[in-house]
Amino acid sequence: MRRFLKAWSLPLLLLACFSQAALAKDLLTLKQVTDLYLKAFINYDEDAYKKLNDYLRPLDHSDNKDLHYFKLMPVGLEILTTDVVILRSKLSPKNRQQIKPDVEKFAATLVAAQRRAQCHATDHEMHISEYIEGGRIATVSFECTVVDVSAVRTFLIQTSNETRNAKWLQKFLQKYTETLENGPTRTVNGSFDLYESEKRWVNGSTTDILSTVYDALWINPESKDNGDQ
């Protein structure tokens with residue numbers, strides 16, 4: 001019996017070591033997780049998106065193992081262009097059709113500028129959760145290099161007395177598109193929270209991730225407060 005147990009002890013020990021190694025390989029550092037969130041939601045990086053889903057899938061205890069924890073979709077495009085869509089809707093059908101190519105080019109250029117943003121984790125602060133006993137919250141800081149759209153703010157100031165008609169909106173979109181394509185860059189900083197769950201780090205609101213780049217790239221053409229940010 002003792003020989004039998006000894007014969008099985010080595011395979012079991014190897015299996016236990018292999019399981020621990022596999023678990024360790026599956027877990028990521030806080031910086032790695034932060035960078036995955038940034039790449040998935042700011043750059044729409046499909047590889048980062050898949051890795052993030054694989055990393056978080058063990059938290060899904062349902063039978064549907066094909067379920068994606070997150071869905072990759074360019075939500076930024078819808079949010080960022082809302083004000084332009086509203087302004088365009090005030091125009092006549094003829095004028096709306098006239099500036100349609102400018103709107104479409106602007107929207108595509110805006111998304112491209114967001115995807116080009118170079119972001120990475122810089123630091124983090126650890127907190128104890130008030131709601132989960134023994135749980136931790138990491139407030140991670142990051143920085144992004146994005147296009148500087150100051151030239152668009154200058155345009156708004158210079159044309160502040162002009163009527164917001166189709167001709168003006170067309171000039172605005174063309175100036176904005178040109179700036180997004182050829183403008184200089186600047187660095188912006190942001191932060192968001194990651195919550196520890198089963199030795200993994202989960203974000204509860206992607207808005208905190210996206211807002212830093214959104215605020216840096218987006219200027220509401222009808223806003224009365226378009227000073228430097």
# chains A, B, ... in the order shown; residues from 1 in each chain; ligands from 1
call {"tool": "residues_around", "arguments": {"residues": "Phe106 in chain A", "least_positions_apart": "6", "cutoff": "10 Å", "atoms": "only C-alpha atoms", "output": "PyMOL selection string"}}
result
chain A and resi 81+84+100+112+172-178+180-181
call {"tool": "closest_residue", "arguments": {"among": "A:Ser211, A:Lys167, A:Ile219, A:Thr34", "to": "Ser150 in chain A", "atoms": "only C-alpha atoms"}}
result
A:Ile219
call {"tool": "closest_residue", "arguments": {"among": "A:Asn43, A:Gln32, A:Gln118, A:Asn53", "to": "Thr185 in chain A", "atoms": "only C-alpha atoms"}}
result
A:Gln118
call {"tool": "select_by_dssp", "arguments": {"residues": "range 108-222 of chain A", "states": "strand (DSSP E or B)", "output": "ChimeraX atom specification"}}
result
/A:118-128,136-147,185-197,200-202
call {"tool": "write_last_selection", "arguments": {"atoms": "C-alpha atoms", "output": "compact mmCIF listing (two decimals), in the first residue's frame"}}
result
# COMPACT_ATOMS: atom_id res chain seq x y z
CA GLN A 118 -0.76 56.01 -27.11
CA CYS A 119 -1.72 55.13 -23.54
CA HIS A 120 0.02 53.26 -20.76
CA ALA A 121 -0.26 52.74 -17.00
CA THR A 122 1.94 54.95 -14.83
CA ASP A 123 1.10 54.27 -11.16
CA HIS A 124 -1.54 52.96 -8.78
CA GLU A 125 -2.87 53.40 -5.24
CA MET A 126 -4.35 50.52 -3.28
CA HIS A 127 -7.47 50.93 -1.08
CA ILE A 128 -9.53 48.60 1.08
CA ARG A 136 -9.17 45.68 -2.53
CA ILE A 137 -9.60 48.53 -4.96
CA ALA A 138 -6.74 49.78 -7.11
CA THR A 139 -6.95 53.32 -8.46
CA VAL A 140 -4.67 53.14 -11.49
CA SER A 141 -3.18 56.20 -13.18
CA PHE A 142 -2.34 56.38 -16.85
CA GLU A 143 -1.21 58.86 -19.47
CA CYS A 144 -2.03 59.16 -23.16
CA THR A 145 -0.42 60.98 -26.05
CA VAL A 146 -3.23 62.43 -28.18
CA VAL A 147 -3.73 65.01 -30.91
CA THR A 185 0.31 65.99 -29.92
CA ARG A 186 0.06 66.53 -26.18
CA THR A 187 -0.04 64.35 -23.08
CA VAL A 188 -3.15 63.92 -20.94
CA ASN A 189 -3.53 62.04 -17.67
CA GLY A 190 -6.38 60.03 -16.20
CA SER A 191 -7.28 57.33 -13.69
CA PHE A 192 -9.88 54.65 -13.07
CA ASP A 193 -10.65 51.99 -10.48
CA LEU A 194 -10.10 48.25 -10.71
CA TYR A 195 -11.85 45.96 -8.24
CA GLU A 196 -10.28 42.73 -7.07
CA SER A 197 -12.44 39.64 -7.63
CA ARG A 200 -8.50 39.22 -10.92
CA TRP A 201 -8.95 42.94 -11.52
CA VAL A 202 -12.26 44.16 -12.91
call {"tool": "closest_residue", "arguments": {"among": "A:Ser89, A:Asp54, A:Leu110, A:Tyr131", "to": "Leu36 in chain A", "atoms": "only C-alpha atoms"}}
result
A:Asp54
